[in-house]
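The next block is coords-v4.txt, given as compact mmCIF, C-alpha atoms.
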```
# COMPACT_ATOMS: atom_id res chain seq x y z
CA MET A 24 -28.17 -15.23 -126.58
CA ILE A 25 -24.99 -13.19 -126.54
CA ASP A 26 -21.61 -14.87 -126.64
CA ALA A 27 -18.20 -14.13 -128.12
CA PRO A 28 -19.07 -15.17 -131.71
CA THR A 29 -22.16 -12.94 -131.72
CA LEU A 30 -20.01 -9.97 -130.81
CA ALA A 31 -17.72 -10.57 -133.76
CA VAL A 32 -20.41 -9.06 -136.04
CA LEU A 33 -19.51 -5.71 -134.51
CA ARG A 34 -16.10 -5.87 -136.11
CA ALA A 35 -16.11 -2.95 -138.53
CA GLU A 36 -14.06 -1.97 -141.53
CA ALA A 37 -12.52 1.45 -141.88
CA PRO A 38 -14.17 3.38 -144.72
CA PRO A 39 -12.60 3.19 -148.18
CA GLY A 40 -9.87 5.75 -148.65
CA PHE A 41 -9.08 5.81 -144.93
CA THR A 42 -5.39 5.07 -145.45
CA ALA A 43 -5.19 7.79 -148.10
CA THR A 44 -6.74 10.38 -145.79
CA VAL A 45 -4.35 9.53 -142.96
CA LEU A 46 -1.29 9.65 -145.21
CA ASP A 47 -2.52 12.87 -146.76
CA GLY A 48 -2.80 14.45 -143.32
CA LEU A 49 0.83 13.51 -142.69
CA GLY A 50 2.04 14.70 -146.08
CA LEU A 51 2.88 11.17 -147.18
CA GLY A 52 1.00 11.15 -150.49
CA ASP A 53 2.17 11.15 -154.11
CA GLU A 54 2.24 13.87 -156.74
CA TRP A 55 1.87 13.33 -160.45
CA VAL A 56 3.19 14.78 -163.69
CA THR A 57 2.54 14.08 -167.33
CA ALA A 58 5.04 14.19 -170.20
CA GLU A 59 5.35 13.24 -173.84
CA GLY A 60 7.53 10.13 -173.99
CA PRO A 61 9.32 8.76 -177.05
CA ALA A 62 6.38 6.47 -177.83
CA GLY A 63 3.44 8.59 -176.60
CA PRO A 64 2.06 10.37 -173.55
CA LEU A 65 3.08 9.20 -170.08
CA PHE A 66 1.89 9.86 -166.54
CA ALA A 67 4.17 9.45 -163.56
CA ALA A 68 3.61 9.63 -159.80
CA TYR A 69 6.37 10.27 -157.29
CA ASN A 70 6.83 10.80 -153.58
CA ARG A 71 9.69 11.36 -151.19
CA TRP A 72 11.14 7.91 -151.91
CA GLY A 73 11.28 8.42 -155.64
CA VAL A 74 9.13 7.75 -158.68
CA SER A 75 6.43 5.31 -157.63
CA PHE A 76 4.40 4.69 -160.77
CA VAL A 77 4.57 5.28 -164.52
CA THR A 78 1.99 4.38 -167.11
CA ALA A 79 1.40 5.03 -170.80
CA THR A 80 -1.93 6.75 -171.41
CA SER A 81 -3.23 10.12 -172.54
CA ASP A 82 -6.15 10.00 -170.10
CA PRO A 83 -5.60 11.26 -166.54
CA LEU A 84 -8.56 9.20 -165.33
CA VAL A 85 -7.05 5.99 -166.70
CA PHE A 86 -3.79 6.91 -164.95
CA VAL A 87 -5.50 7.51 -161.60
CA GLU A 88 -7.50 4.30 -161.97
CA ARG A 89 -4.32 2.28 -162.62
CA PHE A 90 -2.50 3.98 -159.74
CA TRP A 91 -5.30 3.12 -157.32
CA LEU A 92 -5.22 -0.50 -158.45
CA HIS A 93 -1.73 -0.68 -156.95
CA PHE A 94 -1.65 1.91 -154.20
CA ASP A 95 -3.96 3.23 -151.52
CA ARG A 96 -2.37 6.65 -151.38
CA PRO A 97 -3.52 10.19 -152.07
CA LEU A 98 -2.55 11.64 -155.43
CA HIS A 99 -2.16 15.34 -156.29
CA PRO A 100 -0.99 17.19 -159.38
CA ALA A 101 2.59 18.30 -158.83
CA ALA A 102 3.00 21.96 -158.00
CA ARG A 103 6.61 21.96 -159.17
CA PRO A 104 7.56 18.84 -161.16
CA PRO A 105 11.19 17.84 -160.63
CA ALA A 106 13.02 18.78 -163.83
CA GLY A 107 15.04 15.57 -163.84
CA LEU A 108 11.91 13.45 -163.93
CA LEU A 109 10.37 15.32 -166.89
CA ARG A 110 13.64 15.08 -168.82
CA ALA A 111 13.88 11.34 -168.09
CA LEU A 112 10.30 10.69 -169.23
CA GLU A 113 10.67 12.75 -172.40
CA SER A 114 14.07 11.39 -173.44
CA GLY A 115 13.64 7.78 -172.35
CA ARG A 116 17.02 8.06 -170.62
CA ALA A 117 16.70 7.81 -166.84
CA PRO A 118 19.82 9.03 -165.02
CA ARG A 119 21.32 6.64 -162.46
CA ASN A 120 20.58 9.04 -159.61
CA LEU A 121 16.85 9.23 -160.37
CA ARG A 122 15.30 7.46 -157.41
CA VAL A 123 12.47 4.97 -157.83
CA ASP A 124 10.11 3.84 -155.06
CA LEU A 125 10.10 0.04 -155.09
CA ARG A 126 8.80 -0.38 -151.53
CA GLY A 127 6.45 -3.31 -151.21
CA LEU A 128 8.24 -5.47 -153.77
CA SER A 129 10.15 -8.59 -152.71
CA PRO A 130 13.95 -8.33 -152.48
CA PHE A 131 14.32 -10.48 -155.60
CA PHE A 132 11.86 -8.34 -157.60
CA GLN A 133 13.73 -5.24 -156.46
CA ALA A 134 17.04 -6.80 -157.50
CA VAL A 135 15.64 -7.67 -160.94
CA LEU A 136 14.44 -4.10 -161.44
CA GLU A 137 17.68 -2.57 -160.15
CA ARG A 138 19.72 -4.69 -162.55
CA THR A 139 17.37 -3.87 -165.41
CA ARG A 140 18.09 -0.19 -164.79
CA GLU A 141 21.72 -0.90 -165.70
CA ILE A 142 20.85 -1.95 -169.27
CA PRO A 143 22.09 0.99 -171.37
CA TYR A 144 19.87 2.99 -173.71
CA GLY A 145 19.79 1.37 -177.14
CA GLU A 146 20.75 -2.10 -175.88
CA VAL A 147 18.77 -5.18 -174.86
CA ARG A 148 19.38 -8.16 -172.58
CA SER A 149 17.63 -11.49 -172.17
CA TYR A 150 15.39 -12.54 -169.26
CA ALA A 151 18.06 -15.11 -168.42
CA TRP A 152 20.68 -12.34 -168.20
CA VAL A 153 18.53 -10.34 -165.77
CA ALA A 154 17.80 -13.40 -163.62
CA ARG A 155 21.51 -14.17 -163.43
CA GLU A 156 22.49 -10.57 -162.63
CA ALA A 157 19.84 -10.50 -159.90
CA GLY A 158 21.55 -13.50 -158.31
CA ARG A 159 19.18 -16.32 -159.24
CA PRO A 160 20.19 -17.68 -162.66
CA ALA A 161 17.50 -20.38 -162.62
CA ALA A 162 14.66 -17.96 -161.82
CA VAL A 163 14.13 -16.80 -165.41
CA ARG A 164 10.36 -16.99 -165.19
CA ALA A 165 10.27 -15.20 -161.86
CA ALA A 166 12.41 -12.47 -163.40
CA GLY A 167 9.78 -12.17 -166.15
CA THR A 168 7.08 -11.83 -163.50
CA ALA A 169 9.08 -9.14 -161.71
CA LEU A 170 9.42 -7.19 -164.96
CA ALA A 171 5.70 -7.60 -165.67
CA ARG A 172 5.02 -6.03 -162.26
CA ASN A 173 7.45 -3.18 -162.83
CA PRO A 174 5.62 -0.17 -161.33
CA VAL A 175 7.86 2.30 -163.16
CA PRO A 176 8.17 1.18 -166.80
CA PHE A 177 10.32 3.39 -169.09
CA LEU A 178 12.37 4.59 -166.08
CA VAL A 179 13.22 1.00 -165.16
CA PRO A 180 13.51 -0.02 -168.80
CA CYS A 181 11.77 -3.40 -168.75
CA HIS A 182 11.26 -2.91 -172.50
CA ARG A 183 15.01 -3.58 -172.90
CA VAL A 184 14.58 -7.15 -171.69
CA VAL A 185 13.79 -9.49 -174.57
CA ARG A 186 13.67 -13.20 -175.30
CA SER A 187 16.88 -15.17 -175.71
CA ASP A 188 15.88 -16.00 -179.30
CA GLY A 189 16.03 -12.32 -180.24
CA ARG A 190 12.26 -11.72 -180.36
CA VAL A 191 10.92 -8.88 -178.24
CA GLY A 192 8.47 -10.94 -176.16
CA HIS A 193 5.74 -9.67 -173.85
CA TYR A 194 5.13 -6.11 -172.77
CA GLY A 195 2.56 -4.55 -170.46
CA PHE A 196 1.57 -1.98 -173.07
CA GLY A 197 1.70 -4.50 -175.97
CA SER A 198 4.57 -5.89 -178.07
CA GLU A 199 3.98 -3.21 -180.70
CA MET A 200 4.84 -0.46 -178.24
CA LYS A 201 7.89 -2.42 -177.07
CA ARG A 202 9.11 -2.59 -180.68
CA ALA A 203 8.39 1.11 -181.18
CA ILE A 204 10.35 2.20 -178.09
CA LEU A 205 13.31 -0.04 -178.93
CA ALA A 206 13.30 1.17 -182.54
CA ALA A 207 13.27 4.77 -181.26
CA GLU A 208 16.34 3.91 -179.16
CA GLY A 209 18.06 2.68 -182.33
CA VAL A 210 17.96 -1.05 -181.55
CA ASP A 211 18.28 -3.15 -184.72
CA LEU A 212 15.37 -5.49 -183.99
CA ASP A 213 15.46 -7.24 -187.37
CA GLY A 214 19.17 -7.88 -187.02
CA LEU A 215 18.71 -9.32 -183.51
CA GLU A 216 15.87 -11.55 -184.64
CA ALA A 217 17.91 -12.81 -187.59
CA LEU A 218 20.79 -13.64 -185.24
CA GLY A 219 18.37 -15.39 -182.91
CA ARG A 220 16.93 -17.44 -185.77
CA ALA A 221 20.45 -18.47 -186.71
CA GLY A 222 20.93 -19.71 -183.12
CA ALA A 223 23.53 -17.09 -182.17
CA HIS A 224 23.36 -15.65 -178.66
CA VAL A 225 26.71 -13.93 -178.37
CA VAL A 226 29.00 -12.24 -180.87
CA GLY A 227 32.79 -12.29 -180.76
CA CYS A 228 35.33 -9.90 -182.27
CA ALA A 229 38.19 -11.73 -183.96
CA SER A 230 40.59 -8.77 -183.46
CA THR A 231 40.13 -8.27 -179.74
CA GLY A 232 39.14 -11.78 -178.72
CA VAL A 233 36.19 -10.39 -176.74
CA TYR A 234 32.59 -11.64 -176.99
CA CYS A 235 29.42 -9.64 -176.22
CA VAL A 236 25.65 -9.83 -176.17
CA PRO A 237 24.62 -8.88 -179.73
CA SER A 238 23.27 -5.39 -178.91
CA CYS A 239 26.27 -4.32 -176.78
CA ARG A 240 27.71 -1.03 -178.01
CA ALA A 241 31.11 -2.74 -178.33
CA ALA A 242 29.59 -5.54 -180.42
CA ARG A 243 27.97 -3.07 -182.80
CA ARG A 244 31.38 -1.66 -183.69
CA ILE A 245 32.80 -5.02 -184.83
CA SER A 246 33.43 -4.91 -188.59
CA PRO A 247 31.50 -7.60 -190.51
CA SER A 248 34.70 -9.42 -191.49
CA ARG A 249 35.79 -9.70 -187.82
CA ARG A 250 32.36 -10.74 -186.48
CA ALA A 251 32.14 -14.26 -185.03
CA PRO A 252 28.66 -15.34 -183.81
CA PHE A 253 28.50 -18.14 -181.22
CA PRO A 254 25.48 -20.14 -179.98
CA SER A 255 26.55 -19.70 -176.34
CA ALA A 256 29.04 -18.08 -174.00
CA ALA A 257 30.59 -21.51 -173.43
CA SER A 258 31.29 -22.05 -177.12
CA ALA A 259 32.83 -18.55 -177.37
CA GLU A 260 35.07 -19.34 -174.40
CA ALA A 261 36.00 -22.64 -176.03
CA GLY A 262 37.02 -20.63 -179.09
CA GLY A 263 39.45 -18.62 -176.93
CA TYR A 264 37.27 -15.52 -176.42
CA ARG A 265 36.80 -13.69 -173.12
CA PRO A 266 33.54 -12.01 -171.97
CA CYS A 267 33.04 -8.27 -172.50
CA ARG A 268 33.24 -6.20 -169.29
CA LEU A 269 30.54 -3.79 -170.45
CA CYS A 270 27.71 -6.19 -171.25
CA ARG A 271 28.70 -9.14 -169.03
CA PRO A 272 27.50 -11.89 -171.42
CA ALA A 273 28.43 -14.70 -168.99
CA PRO A 274 28.60 -15.32 -165.23
CA ALA A 275 31.60 -13.59 -163.68
CA MET B 6 7.48 -3.38 -137.14
CA ALA B 7 10.87 -4.14 -138.64
CA GLN B 8 9.87 -2.12 -141.69
CA VAL B 9 8.70 0.79 -139.55
CA ALA B 10 11.99 0.66 -137.65
CA ALA B 11 13.98 0.70 -140.88
CA ASP B 12 11.97 3.45 -142.56
CA LEU B 13 9.17 5.09 -140.59
CA ASP B 14 7.63 7.03 -143.45
CA GLY B 15 7.68 4.04 -145.78
CA GLY B 16 6.61 1.42 -143.24
CA PHE B 17 3.89 3.60 -141.76
CA GLU B 18 1.68 3.12 -144.80
CA LEU B 19 1.67 -0.64 -144.22
CA LEU B 20 0.95 -0.08 -140.54
CA VAL B 21 -2.12 2.02 -141.36
CA ARG B 22 -3.34 -0.44 -143.95
CA ARG B 23 -2.93 -3.42 -141.64
CA TYR B 24 -4.44 -2.01 -138.46
CA GLN B 25 -6.97 0.55 -139.71
CA HIS B 26 -9.89 -1.86 -139.19
CA ASP B 27 -8.92 -2.71 -135.60
CA VAL B 28 -8.53 0.94 -134.69
CA PHE B 29 -11.73 1.94 -136.47
CA THR B 30 -13.65 -0.86 -134.76
CA LEU B 31 -12.55 0.33 -131.34
CA ALA B 32 -13.31 3.94 -132.29
CA LEU B 33 -16.79 2.97 -133.45
CA ARG B 34 -17.53 1.39 -130.06
CA TRP B 35 -16.31 4.47 -128.21
CA THR B 36 -18.06 7.18 -130.21
CA ALA B 37 -21.66 7.76 -131.18
CA ASN B 38 -21.41 7.52 -134.95
CA ARG B 39 -19.22 6.58 -137.89
CA HIS B 40 -18.23 10.17 -138.53
CA ASP B 41 -16.75 10.66 -135.07
CA ALA B 42 -15.24 7.19 -135.23
CA GLU B 43 -13.45 8.05 -138.45
CA ASP B 44 -12.11 11.28 -136.94
CA LEU B 45 -10.93 9.43 -133.86
CA ALA B 46 -9.28 6.69 -135.92
CA GLN B 47 -7.51 9.24 -138.08
CA ASP B 48 -6.32 11.23 -135.06
CA THR B 49 -5.05 7.95 -133.62
CA PHE B 50 -2.77 7.28 -136.58
CA VAL B 51 -1.56 10.87 -136.72
CA SER B 52 -0.66 10.74 -133.00
CA ALA B 53 0.93 7.33 -133.50
CA TYR B 54 3.07 8.68 -136.34
CA ARG B 55 4.25 11.59 -134.19
CA ALA B 56 4.97 9.26 -131.27
CA LEU B 57 6.91 6.86 -133.52
CA ARG B 58 9.02 9.76 -134.84
CA ARG B 59 10.29 10.35 -131.32
CA TYR B 60 10.73 6.66 -130.53
CA PRO B 61 14.30 5.39 -130.00
CA ALA B 62 15.16 3.24 -133.02
CA GLY B 63 16.32 0.34 -130.86
CA GLN B 64 12.95 -0.02 -129.17
CA LEU B 65 10.88 0.43 -132.32
CA ALA B 66 11.46 -3.05 -133.68
CA SER B 67 10.17 -4.70 -130.49
CA LEU B 68 7.10 -2.48 -130.20
CA ARG B 69 3.82 -4.36 -130.58
CA PRO B 70 1.82 -2.27 -133.04
CA ARG B 71 -1.72 -3.38 -132.21
CA PRO B 72 -1.75 -2.62 -128.46
CA PHE B 73 0.27 0.54 -129.16
CA LEU B 74 -2.32 1.86 -131.63
CA LEU B 75 -5.35 0.77 -129.60
CA THR B 76 -3.95 2.45 -126.48
CA ILE B 77 -3.63 5.71 -128.39
CA ALA B 78 -7.16 5.31 -129.76
CA LEU B 79 -8.52 4.70 -126.28
CA ASN B 80 -6.74 7.74 -124.85
CA GLY B 81 -8.11 9.78 -127.73
CA ALA B 82 -11.63 8.54 -127.03
CA ARG B 83 -11.35 9.35 -123.33
CA ASN B 84 -9.93 12.81 -124.00
CA GLY B 85 -12.72 13.39 -126.52
CA ALA B 86 -15.32 12.40 -123.96
CA ARG B 87 -13.75 14.70 -121.39
CA ARG B 88 -13.76 17.58 -123.87
CA ALA B 89 -17.36 16.85 -124.75
CA ARG B 90 -18.45 17.05 -121.11
CA ARG B 91 -16.85 20.46 -120.82
CA ARG B 92 -18.07 21.71 -124.18
CA PRO B 93 -21.15 20.10 -125.72
CA GLY B 94 -21.24 19.26 -129.40
CA TRP B 95 -19.11 16.13 -129.51
CA VAL B 96 -21.44 13.28 -128.59
CA PRO B 97 -19.81 10.51 -126.59
CA LEU B 98 -21.45 7.12 -126.63
CA GLU B 99 -22.43 7.30 -122.97
CA ALA B 100 -24.75 10.21 -123.77
CA GLY B 101 -27.38 7.96 -125.25
CA PRO B 102 -28.27 4.90 -127.25
CA VAL B 103 -26.77 4.18 -130.65
CA PRO B 104 -28.64 6.38 -133.11
CA ALA B 105 -30.49 4.86 -136.02
CA ALA B 106 -27.58 4.12 -138.33
CA PRO B 107 -27.47 5.84 -141.71
CA GLY B 108 -27.83 3.20 -144.41
CA GLY B 109 -24.22 2.31 -145.20
CA PRO B 110 -23.57 -1.25 -146.37
CA GLU B 111 -21.85 -2.14 -143.13
CA GLU B 112 -24.70 -0.84 -140.97
CA GLU B 113 -26.96 -2.85 -143.23
CA ALA B 114 -24.93 -5.99 -142.54
CA GLU B 115 -24.73 -5.16 -138.84
CA ARG B 116 -28.51 -4.79 -138.64
CA GLY B 117 -29.04 -7.95 -140.66
CA ARG B 118 -27.23 -10.01 -138.05
CA GLY B 119 -28.79 -8.28 -135.08
CA GLY B 120 -25.65 -6.19 -134.68
CA GLU B 121 -27.49 -2.99 -133.87
CA ALA B 122 -29.20 -4.47 -130.84
CA VAL B 123 -25.94 -6.04 -129.68
CA ALA B 124 -24.13 -2.72 -130.14
CA ALA B 125 -26.76 -0.90 -128.06
CA ARG B 126 -26.47 -3.43 -125.24
CA LEU B 127 -22.69 -3.28 -125.37
CA ALA B 128 -22.84 0.52 -125.12
CA ALA B 129 -24.92 0.24 -121.98
CA ILE B 130 -22.55 -1.84 -119.85
CA PRO B 131 -19.89 -0.10 -117.70
CA GLU B 132 -16.60 0.71 -119.38
CA ARG B 133 -14.49 -1.56 -117.16
CA TYR B 134 -16.40 -4.53 -118.64
CA ARG B 135 -17.03 -3.06 -122.07
CA LEU B 136 -13.37 -2.43 -122.91
CA PRO B 137 -12.16 -6.00 -122.25
CA VAL B 138 -15.19 -7.43 -124.09
CA VAL B 139 -14.58 -5.22 -127.15
CA LEU B 140 -10.85 -5.96 -127.19
CA ARG B 141 -11.33 -9.69 -126.74
CA CYS B 142 -14.56 -10.56 -128.57
CA VAL B 143 -14.95 -7.83 -131.18
CA ILE B 144 -11.36 -7.00 -132.15
CA GLY B 145 -9.92 -10.40 -131.21
CA LEU B 146 -6.90 -9.42 -129.09
CA GLY B 147 -5.01 -11.96 -127.02
CA TYR B 148 -4.85 -11.45 -123.26
CA ALA B 149 -1.21 -10.37 -123.34
CA GLU B 150 -2.02 -7.58 -125.79
CA MET B 151 -5.12 -6.66 -123.79
CA GLY B 152 -2.92 -6.30 -120.73
CA GLU B 153 -0.77 -3.76 -122.60
CA VAL B 154 -3.80 -1.69 -123.60
CA THR B 155 -5.62 -1.74 -120.27
CA GLY B 156 -2.80 -2.12 -117.76
CA VAL B 157 -4.99 -4.65 -115.96
CA PRO B 158 -3.62 -8.07 -114.84
CA LEU B 159 -4.55 -11.16 -116.83
CA GLY B 160 -6.77 -12.80 -114.21
CA THR B 161 -8.78 -9.62 -113.74
CA LEU B 162 -9.18 -9.25 -117.51
CA LYS B 163 -10.52 -12.78 -117.84
CA SER B 164 -13.11 -12.24 -115.13
CA GLN B 165 -14.05 -8.85 -116.60
CA VAL B 166 -14.68 -10.46 -119.98
CA SER B 167 -16.91 -13.16 -118.52
CA ARG B 168 -18.71 -10.66 -116.26
CA GLY B 169 -19.17 -8.38 -119.31
CA LEU B 170 -20.66 -11.21 -121.35
CA ALA B 171 -22.97 -12.09 -118.47
CA LEU B 172 -24.18 -8.48 -118.26
CA LEU B 173 -24.83 -8.51 -122.00
CA ARG B 174 -26.86 -11.71 -121.67
CA GLU B 175 -28.95 -10.22 -118.85
CA ALA B 176 -29.57 -7.09 -120.91
CA GLY B 177 -30.45 -9.35 -123.85
CA SER B 178 -33.03 -11.42 -121.98
CA SER B 179 -34.74 -8.31 -120.58
CA THR B 180 -35.13 -6.76 -124.05
CA GLU B 181 -36.44 -10.04 -125.37
CA GLU B 182 -39.14 -9.97 -122.71
CA VAL B 183 -40.19 -6.49 -123.78
CA SER B 184 -40.26 -7.14 -127.48
CA PRO B 185 -43.23 -9.16 -128.79
```

Give the structure from this file in structure tokens form.
Amino acid sequence: MIDAPTLAVLRAEAPPGFTATVLDGLGLGDEWVTAEGPAGPLFAAYNRWGVSFVTATSDPLVFVERFWLHFDRPLHPAARPPAGLLRALESGRAPRNLRVDLRGLSPFFQAVLERTREIPYGEVRSYAWVAREAGRPAAVRAAGTALARNPVPFLVPCHRVVRSDGRVGHYGFGSEMKRAILAAEGVDLDGLEALGRAGAHVVGCASTGVYCVPSCRAARRISPSRRAPFPSAASAEAGGYRPCRLCRPAPA
Amino acid sequence: MAQVAADLDGGFELLVRRYQHDVFTLALRWTANRHDAEDLAQDTFVSAYRALRRYPAGQLASLRPRPFLLTIALNGARNGARRARRRPGWVPLEAGPVPAAPGGPEEEAERGRGGEAVAARLAAIPERYRLPVVLRCVIGLGYAEMGEVTGVPLGTLKSQVSRGLALLREAGSSTEEVSP
């Protein structure tokens, strides 16, 4: 007996890799490069929209496997790697004009990653800071999820986002690597943890009357005698301090 | 389609991923084997990409992707069949029964549920009934979308689907008589 439901068995699935073949035919695939990063070997894929994927491994097969977990796109070794990308991977300093391909992520996730890019080399910010900068101050956990899904670690420096208590917190490649990268950038992790243990989240300068997040480059120049730690932005404001314009320690 | 309208190259990947199975299913019913079906499905997306490149941006957002892609696939299948009649080598479905499928997992599943026999019967009914039946019952299109693909009015489509199903049933009962 043939009826409509019987015919549904004829519904077929395109073979695996179909999308990749089509995109390849149209020249819409990705190319990859490898480079020695500050904390070990890295692989990166990029396409015409920017860098699409970065991972820490020394094994090209592991890289390809991880790429295919996220994307159904063809992957070729780069004939001529863009010089800017290699420099960024090797130095750990991604220039602002280096484009990253965040297609497929939600607008909030994209906002979190874009704001994370603005954290300067050698400084850290809290998950709460990133959530607030991305426009949803209450979505601290969601910001953490966005950072965990960061397709381009190192270039979007999710390793520079740490816990509010000064500890480094989670990292896709393990907390040890997070510590190593931050140490290589010159971040005083022990100092930040000590501050966190003491309950201080911002640091004021008695001479200028400005308060900062502890790792801000302005905060690091405060002489010990002029340093005034505060448990919160509100208490610093109550003490007559104004927020730093570089590190934006409080809502504008 | 909003994504395709905003960024064709970026959105196109999603378009392929989302509709590859529909297009491949149609291609499989219009060609003799999976290999030709895959070629046809790939050509469909390549043509679609080129067509979308030339599309006015204002109209892109309101384009319905499924009928658009299936129409291109169907034209490709018909052109292929025409080419094959002029120059043998490409085997259109009409040339003969569905060949014994090579043992892919999907053919396995299709056979397991009697799909192979159904496919052979479907291949044997005239195209004006086969197309509406495939679009409606295999791919699962709504009548409005079917109208866009076939250019046939709704009432006609409905009667073609039911006539097609009736033909399949007749073909089914005759084979059942033959088989022990």

Exercise for the section: Could you please tell me, as a list in words, which residues of chain A have an atom within 9 Å of chain B when using all atoms listed in the file? Expected result: Met24, Ile25, Asp26, Ala27, Pro28, Thr29, Leu30, Ala31, Val32, Leu33, Arg34, Ala35, Glu36, Ala37, Pro38, Phe41, Thr42, Ala43, Thr44, Val45, Leu46, Gly48, Leu49, Leu51, Trp72, Asp95, Arg96, Arg126 and Gly127 of chain A

Selected residues written out, C-alpha atoms, as a compact mmCIF listing (two decimals), in the frame of the given file:
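Generated file (again.txt):
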```
# COMPACT_ATOMS: atom_id res chain seq x y z
CA MET A 24 -28.17 -15.23 -126.58
CA ILE A 25 -24.99 -13.19 -126.54
CA ASP A 26 -21.61 -14.87 -126.64
CA ALA A 27 -18.20 -14.13 -128.12
CA PRO A 28 -19.07 -15.17 -131.71
CA THR A 29 -22.16 -12.94 -131.72
CA LEU A 30 -20.01 -9.97 -130.81
CA ALA A 31 -17.72 -10.57 -133.76
CA VAL A 32 -20.41 -9.06 -136.04
CA LEU A 33 -19.51 -5.71 -134.51
CA ARG A 34 -16.10 -5.87 -136.11
CA ALA A 35 -16.11 -2.95 -138.53
CA GLU A 36 -14.06 -1.97 -141.53
CA ALA A 37 -12.52 1.45 -141.88
CA PRO A 38 -14.17 3.38 -144.72
CA PHE A 41 -9.08 5.81 -144.93
CA THR A 42 -5.39 5.07 -145.45
CA ALA A 43 -5.19 7.79 -148.10
CA THR A 44 -6.74 10.38 -145.79
CA VAL A 45 -4.35 9.53 -142.96
CA LEU A 46 -1.29 9.65 -145.21
CA GLY A 48 -2.80 14.45 -143.32
CA LEU A 49 0.83 13.51 -142.69
CA LEU A 51 2.88 11.17 -147.18
CA TRP A 72 11.14 7.91 -151.91
CA ASP A 95 -3.96 3.23 -151.52
CA ARG A 96 -2.37 6.65 -151.38
CA ARG A 126 8.80 -0.38 -151.53
CA GLY A 127 6.45 -3.31 -151.21
```

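Each of B:Arg58, B:Thr161, B:Trp35, B:Asp12 was compared to Arg71 (chain A) using only C-alpha atoms, and B:Asp12 turns out to be the nearest.
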
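CA of Leu125 (chain A) is positioned 25.9 Å from CA of Arg59 (chain B).
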
Practice task
For region 187-201 of chain A, work out the shell of residues within 6 Å, counting all atoms listed in the file and skipping chain neighbours fewer than 6 positions away, then give it as number ranges by chain.
Solution key: A: 149, 215-216, 219

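Of note, CA of Asp41 (chain B) and CA of Thr155 (chain B) are spaced 22.3 Å apart.
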
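Residues lying within 7 Å of Leu112 (chain A), counting all atoms listed in the file and ignoring same-chain neighbours fewer than 4 positions away, are Ala58, Gly60 and Leu108 of chain A.
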
Any chance you could turn region 195-224 of chain A into a file with C-alpha atoms, as an mmCIF file, in the first residue's frame?
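Output contents, as saved in out34.cif:
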```cif
data_model
loop_
_atom_site.group_PDB
_atom_site.id
_atom_site.type_symbol
_atom_site.label_atom_id
_atom_site.label_comp_id
_atom_site.auth_asym_id
_atom_site.auth_seq_id
_atom_site.Cartn_x
_atom_site.Cartn_y
_atom_site.Cartn_z
ATOM 1 C CA GLY A 195 39.760 25.955 27.006
ATOM 2 C CA PHE A 196 43.380 24.819 26.904
ATOM 3 C CA GLY A 197 43.639 24.471 30.721
ATOM 4 C CA SER A 198 44.250 26.989 33.527
ATOM 5 C CA GLU A 199 47.979 26.252 33.406
ATOM 6 C CA MET A 200 48.232 27.550 29.858
ATOM 7 C CA LYS A 201 46.151 30.594 30.795
ATOM 8 C CA ARG A 202 48.620 31.377 33.589
ATOM 9 C CA ALA A 203 51.567 30.816 31.248
ATOM 10 C CA ILE A 204 50.245 33.177 28.563
ATOM 11 C CA LEU A 205 49.373 35.884 31.083
ATOM 12 C CA ALA A 206 52.778 35.521 32.764
ATOM 13 C CA ALA A 207 54.424 35.846 29.328
ATOM 14 C CA GLU A 208 52.465 39.085 28.845
ATOM 15 C CA GLY A 209 53.896 40.352 32.143
ATOM 16 C CA VAL A 210 50.701 40.137 34.205
ATOM 17 C CA ASP A 211 51.454 39.964 37.941
ATOM 18 C CA LEU A 212 49.157 37.035 38.714
ATOM 19 C CA ASP A 213 50.307 36.628 42.323
ATOM 20 C CA GLY A 214 49.756 40.308 42.984
ATOM 21 C CA LEU A 215 46.255 40.182 41.481
ATOM 22 C CA GLU A 216 45.343 37.108 43.498
ATOM 23 C CA ALA A 217 46.614 38.719 46.690
ATOM 24 C CA LEU A 218 44.491 41.800 45.984
ATOM 25 C CA GLY A 219 41.505 39.574 45.288
ATOM 26 C CA ARG A 220 42.003 37.688 48.553
ATOM 27 C CA ALA A 221 42.092 41.017 50.364
ATOM 28 C CA GLY A 222 38.703 41.836 48.786
ATOM 29 C CA ALA A 223 39.998 44.680 46.595
ATOM 30 C CA HIS A 224 38.542 45.002 43.100
#
```
